[in-house]
$ cat query.txt   # compact mmCIF, C-alpha atoms
# COMPACT_ATOMS: atom_id res chain seq x y z
CA MET G 393 104.40 108.47 97.17
CA LYS G 394 106.58 107.29 100.05
CA LEU G 395 103.73 105.12 101.28
CA TYR G 396 103.43 103.38 97.91
CA LEU G 397 107.19 102.93 97.72
CA SER G 398 107.26 101.29 101.14
CA ILE G 399 104.45 98.91 100.17
CA PHE G 400 106.27 98.04 96.94
CA LEU G 401 109.54 97.37 98.80
CA ALA G 402 107.79 95.18 101.35
CA ALA G 403 106.07 93.21 98.60
CA SER G 404 109.26 92.75 96.60
CA SER G 405 111.49 91.76 99.52
CA LEU G 406 111.08 88.01 99.05
CA PRO G 407 111.80 88.03 95.30
CA LEU G 408 114.87 90.16 96.01
CA GLY G 409 115.98 87.62 98.60
CA PHE G 410 115.54 84.83 96.06
CA LEU G 411 117.66 86.76 93.57
CA ALA G 412 120.34 87.28 96.22
CA ALA G 413 120.41 83.55 96.97
CA PHE G 414 120.62 82.78 93.26
CA ALA G 415 123.49 85.27 92.86
CA THR G 416 125.28 83.62 95.78
CA LEU G 417 124.80 80.25 94.12
CA LYS G 418 126.28 81.51 90.84
CA SER G 419 129.12 83.49 92.44
CA GLY G 420 131.78 80.85 91.90
CA TYR G 421 132.73 79.57 95.32
CA ASN G 422 131.16 76.45 96.79
CA PRO G 423 128.01 77.66 98.56
CA ASN G 424 125.99 75.50 100.88
CA LEU G 425 122.40 75.84 102.08
CA PRO G 426 123.14 77.98 105.16
CA THR G 427 125.10 80.43 103.00
CA LEU G 428 122.22 80.70 100.54
CA LEU G 429 119.66 81.18 103.30
CA GLY G 430 121.90 83.68 105.07
CA SER G 431 122.34 85.85 102.02
CA ALA G 432 118.61 85.75 101.32
CA ALA G 433 117.81 86.60 104.95
CA VAL G 434 120.16 89.58 104.93
CA VAL G 435 118.64 91.02 101.76
CA VAL G 436 115.06 90.40 102.91
CA SER G 437 115.62 91.91 106.35
CA ALA G 438 117.40 94.97 104.94
CA THR G 439 114.59 95.52 102.43
CA LEU G 440 111.91 95.16 105.10
CA ILE G 441 113.74 97.57 107.42
CA LEU G 442 113.96 100.10 104.59
CA ALA G 443 110.25 99.63 103.82
CA PHE G 444 109.36 100.11 107.49
CA LEU G 445 111.43 103.30 107.71
CA LEU G 446 109.76 104.66 104.57
CA LEU G 447 106.38 103.82 106.06
CA LEU G 448 107.22 105.70 109.24
CA TRP G 449 108.52 108.62 107.18
CA SER G 450 105.28 108.80 105.19
CA ILE G 451 102.92 108.87 108.19
CA PRO G 452 103.02 112.67 108.83
CA SER G 453 102.33 113.58 105.20
CA THR G 454 99.57 110.97 104.99
CA LYS G 455 97.95 112.33 108.15
CA LYS G 456 98.17 115.87 106.79
CA ARG G 457 96.64 114.82 103.47
CA LEU G 458 93.78 112.98 105.20
CA LYS G 459 93.14 115.94 107.51
CA SER G 460 92.91 118.34 104.56
CA LEU G 461 90.54 115.96 102.79
CA SER G 462 88.22 115.73 105.79
CA SER G 463 88.13 119.50 106.32
CA SER G 464 87.29 120.41 102.72
CA PRO G 465 83.58 120.36 101.83
CA ILE G 466 82.57 118.11 98.99

$ encode --input "query.txt" --output "structure tokens"
Amino acid sequence: MKLYLSIFLAASSLPLGFLAAFATLKSGYNPNLPTLLGSAAVVVSATLILAFLLLLWSIPSTKKRLKSLSSSPI
């Protein structure tokens, strides 16, 4: 499950960054292009780091599941 969650987070990082840039645009103060790109970059990088950490966290359970599948006779 953690593996699927990490793939989903990695795939949805760019739309989340777009939403963050749009929220910055609508926030009320006078945003410029570097502010919009900066807010999008922060959200995208944080989401990708979280997805990478979830991927690393899921590797031992995935290896265990694959090992049990290969040892069981079909």

$ residues_around --input "query.txt" --residues "Leu440 of chain G" --least-positions-apart "3" --cutoff "10 Å" --atoms "all atoms listed in the file" --output "PyMOL selection string"
chain G and resi 398-399+401-406+434-437+443-446

$ atom_distance --input "query.txt" --atom1 "atom CA of Asn424 of chain G" --atom2 "atom CA of Ile441 of chain G"
26.1 Å

$ closest_residue --input "query.txt" --among "G:Leu448, G:Leu458, G:Ala438, G:Ala432" --to "Leu395 of chain G" --atoms "only C-alpha atoms"
G:Leu448

$ atom_distance --input "query.txt" --atom1 "atom CA of Tyr396 of chain G" --atom2 "atom CA of Ala412 of chain G"
23.4 Å

$ atom_distance --input "query.txt" --atom1 "atom CA of Thr416 of chain G" --atom2 "atom CA of Leu447 of chain G"
29.5 Å

$ residues_near_point --input "query.txt" --point "(120.3, 81.6, 98.1)" --cutoff "7 Å" --atoms "all atoms listed in the file" --output "JSON, numbers by chain"
{"G": [410, 412, 413, 414, 416, 417, 427, 428, 429, 431, 432]}

$ closest_residue --input "query.txt" --among "G:Thr439, G:Met393, G:Lys418, G:Phe400" --to "Arg457 of chain G" --atoms "all atoms listed in the file"
G:Met393

$ decode --input "query.txt" --residues "segment 421-443 of chain G" --atoms "N, CA and C atoms" --output "tab-separated table (two decimals), in the first residue's frame"
chain	number	residue	atom	x	y	z
G	421	TYR	N	-2.29	39.50	-1.86
G	421	TYR	CA	-1.20	40.44	-2.08
G	421	TYR	C	-0.75	40.37	-3.53
G	422	ASN	N	0.11	41.25	-3.93
G	422	ASN	CA	0.48	41.38	-5.33
G	422	ASN	C	1.59	40.39	-5.69
G	423	PRO	N	1.24	39.20	-6.16
G	423	PRO	CA	2.28	38.22	-6.48
G	423	PRO	C	2.88	38.48	-7.86
G	424	ASN	N	4.11	38.11	-8.00
G	424	ASN	CA	4.77	38.18	-9.30
G	424	ASN	C	5.17	36.76	-9.71
G	425	LEU	N	5.74	36.62	-10.88
G	425	LEU	CA	6.06	35.30	-11.42
G	425	LEU	C	7.04	34.51	-10.54
G	426	PRO	N	8.11	35.13	-10.02
G	426	PRO	CA	9.00	34.35	-9.16
G	426	PRO	C	8.32	33.84	-7.88
G	427	THR	N	7.38	34.60	-7.34
G	427	THR	CA	6.65	34.15	-6.16
G	427	THR	C	5.78	32.95	-6.50
G	428	LEU	N	5.11	33.01	-7.63
G	428	LEU	CA	4.27	31.89	-8.06
G	428	LEU	C	5.10	30.63	-8.30
G	429	LEU	N	6.22	30.80	-9.01
G	429	LEU	CA	7.08	29.65	-9.29
G	429	LEU	C	7.72	29.11	-8.02
G	430	GLY	N	8.05	30.00	-7.10
G	430	GLY	CA	8.65	29.57	-5.84
G	430	GLY	C	7.69	28.77	-5.00
G	431	SER	N	6.46	29.21	-4.91
G	431	SER	CA	5.48	28.46	-4.12
G	431	SER	C	5.19	27.10	-4.77
G	432	ALA	N	5.12	27.08	-6.08
G	432	ALA	CA	4.90	25.80	-6.77
G	432	ALA	C	6.09	24.87	-6.57
G	433	ALA	N	7.29	25.41	-6.64
G	433	ALA	CA	8.50	24.58	-6.47
G	433	ALA	C	8.59	24.01	-5.06
G	434	VAL	N	8.21	24.79	-4.07
G	434	VAL	CA	8.25	24.29	-2.70
G	434	VAL	C	7.27	23.14	-2.51
G	435	VAL	N	6.07	23.29	-3.02
G	435	VAL	CA	5.06	22.24	-2.86
G	435	VAL	C	5.46	20.99	-3.64
G	436	VAL	N	5.95	21.16	-4.86
G	436	VAL	CA	6.35	20.01	-5.67
G	436	VAL	C	7.52	19.29	-5.04
G	437	SER	N	8.52	20.02	-4.58
G	437	SER	CA	9.69	19.35	-3.99
G	437	SER	C	9.33	18.66	-2.68
G	438	ALA	N	8.48	19.26	-1.86
G	438	ALA	CA	8.06	18.60	-0.62
G	438	ALA	C	7.27	17.34	-0.90
G	439	THR	N	6.40	17.38	-1.91
G	439	THR	CA	5.62	16.21	-2.27
G	439	THR	C	6.51	15.10	-2.82
G	440	LEU	N	7.48	15.46	-3.64
G	440	LEU	CA	8.38	14.45	-4.19
G	440	LEU	C	9.28	13.85	-3.12
G	441	ILE	N	9.71	14.66	-2.15
G	441	ILE	CA	10.52	14.12	-1.05
G	441	ILE	C	9.69	13.15	-0.22
G	442	LEU	N	8.43	13.51	0.05
G	442	LEU	CA	7.55	12.61	0.79
G	442	LEU	C	7.32	11.31	0.01
G	443	ALA	N	7.12	11.41	-1.29
G	443	ALA	CA	6.93	10.21	-2.12
G	443	ALA	C	8.18	9.33	-2.12
